[in-house]
Amino acid sequence: MLELRHRGSCPGPREAVSLPHREGEAAGGDHETESTSDKETDIDDRYGDLDSRTDSDIPEIPPSSDRTPEILKKALSGLSSRWKNWWIRGILTLTMISLFFLIIYMGSFMLMLLVLGIQVKCFHEIITIGYRVYHSYDLPWFRTLSWYFLLCVNYFFYGETVADYFATFVQREEQLQFLIRYHRFISFALYLAGFCMFVLSLVKKHYRLQFYMFAWTHVTLLITVTQSHLVIQNLFEGMIWFLVPISSVICNDITAYLFGFFFGRTPLIKLSPKKTWEGFIGGFFSTVVFGFIAAYVLSKYQYFVCPVEYRSDVNSFVTECEPSELFQLQTYSLPPFLKAVLRQERVSLYPFQIHSIALSTFASLIGPFGGFFASGFKRAFKIKDFANTIPGHGGIMDRFDCQYLMATFVHVYITSFIRGPNPSKVLQQLLVLQPEQQLNIYKTLKTHLIEKGILQPALKV
């Protein structure tokens, strides 16, 4: 008969399995079976302590200390904890929005540095959670390799950006030409070095756990670095593609909180017990209206609508162009039901305002699922916030969990419905070609324009 020794209802990794011997089985076969069983039992004993870990075995991370400024604590000491948190969140929110406006005024380059800083901080917060959960195992090189991989991936993505948008600058620097020409090979070699370091760091009894953390690092890189790269790509399309989506998520976060705080009664999702249907619906309508108005205001200014380009002659980023049709007022006929409401048949809008409705809808209906995902992640590891960087808000990742999902959508939306050939990017690529290749392209383009009647053929003397 089949005999099983187990704990609970399911066999575990350390269970012994005893099977009856078949008649006529050779003695050598018995000895071989016993030897194999001994080896398997030894392996099970060696790794059983790790295999038997369950969710309840995950150590609780101690709660973060309260970093609220003392002046705020004293000023709000007479309020209940609910209203005290409301005022702290409100004051810090206004402070962060003010700083954001200041950085926008400082230009595109400062916005890129802001994105990079947020990316690094979010990576640090997620990696720190993994380190705190598994720190008792004293895994070798875990934090070192995590930051090394972050450096490698950033080198790859930002190198691609430099090659695409700074070709004229690179052309003047011989050292940079070498780095750009072999950029992908260098990036792969750097990653391969980290991969080999990880393999050499594997330790008995911790194999599975080390691979857990290896996957943890790579998923974190996917969430933070890849998405921040897309944010910067969106920024190069025009600052408006950066500001409207980000401000829509911020608006939805604020208005959903306010509607939920004052009118919330119906729970929305178990992952976030404080989220309510009232807040979700109120945030949706508020965000769509906000996005429509913000798109109208920003579409008036070249500073926001022109693609961000690097000018080598002035050694800085510029936003000067003739605005595309997307940012020029167009007249639209209203559908019948709107004619009765607005009492007019036509309306003048910027086409981008129509696109803003799609962006705002995603920010308010799908964007919050990034927050729900983060809530499930925090519940899995028994933590309230990713960190305590911002009093009343938690960590940086707590504030940007929805932004990363939004960045991917905007990039896909631009490439699918908006972006056409980029003349400046094509020109920069042409400038790095050999003179003979440039001349051939010139002749081909000239012939094509003559055939289309745009250029007149040269008169033969």
# chains A, B, ... in the order shown; residues from 1 in each chain; ligands from 1
$ residues_around --residues "stretch 402-404 of chain A" --least-positions-apart "4" --cutoff "7 Å" --atoms "only C-alpha atoms" --output "mmCIF file with N, CA and C atoms, in the first residue's frame"
data_model
loop_
_atom_site.group_PDB
_atom_site.id
_atom_site.type_symbol
_atom_site.label_atom_id
_atom_site.label_comp_id
_atom_site.auth_asym_id
_atom_site.auth_seq_id
_atom_site.Cartn_x
_atom_site.Cartn_y
_atom_site.Cartn_z
ATOM 1 N N GLN A 227 9.242 52.552 -17.107
ATOM 2 C CA GLN A 227 8.172 53.534 -17.156
ATOM 3 C C GLN A 227 8.707 54.969 -17.127
ATOM 4 N N ILE A 246 0.020 63.666 -16.238
ATOM 5 C CA ILE A 246 0.454 63.648 -14.844
ATOM 6 C C ILE A 246 -0.495 64.459 -13.968
ATOM 7 N N VAL A 249 -3.778 62.589 -13.290
ATOM 8 C CA VAL A 249 -3.673 61.593 -12.222
ATOM 9 C C VAL A 249 -3.675 62.280 -10.857
ATOM 10 N N GLY A 367 -6.237 54.180 -14.239
ATOM 11 C CA GLY A 367 -5.086 54.589 -13.435
ATOM 12 C C GLY A 367 -5.153 54.144 -11.987
ATOM 13 N N PRO A 368 -6.337 54.259 -11.320
ATOM 14 C CA PRO A 368 -6.405 53.826 -9.916
ATOM 15 C C PRO A 368 -6.053 52.369 -9.692
ATOM 16 N N GLY A 370 -3.487 50.936 -10.699
ATOM 17 C CA GLY A 370 -2.089 50.924 -10.284
ATOM 18 C C GLY A 370 -1.977 51.087 -8.781
ATOM 19 N N GLY A 371 -2.838 51.944 -8.209
ATOM 20 C CA GLY A 371 -2.876 52.099 -6.759
ATOM 21 C C GLY A 371 -3.387 50.855 -6.058
ATOM 22 N N THR A 408 2.800 54.545 -19.566
ATOM 23 C CA THR A 408 2.767 53.541 -20.633
ATOM 24 C C THR A 408 1.609 53.797 -21.583
#
$ residues_around --residues "A:Val115" --least-positions-apart "5" --cutoff "12 Å" --atoms "only C-alpha atoms" --output "PyMOL selection string"
chain A and resi 100+103+108-110+120-122+224-235+242+246+396+400+403-404+407
$ residues_around --residues "A:Ile97" --least-positions-apart "5" --cutoff "12 Å" --atoms "only C-alpha atoms" --output "ChimeraX atom specification"
/A:90-92,102-104,246-247,250-251,254
$ closest_residue --among "A:Val133, A:Val153, A:Met406, A:Ile454" --to "A:Ser187" --atoms "only C-alpha atoms"
A:Val153
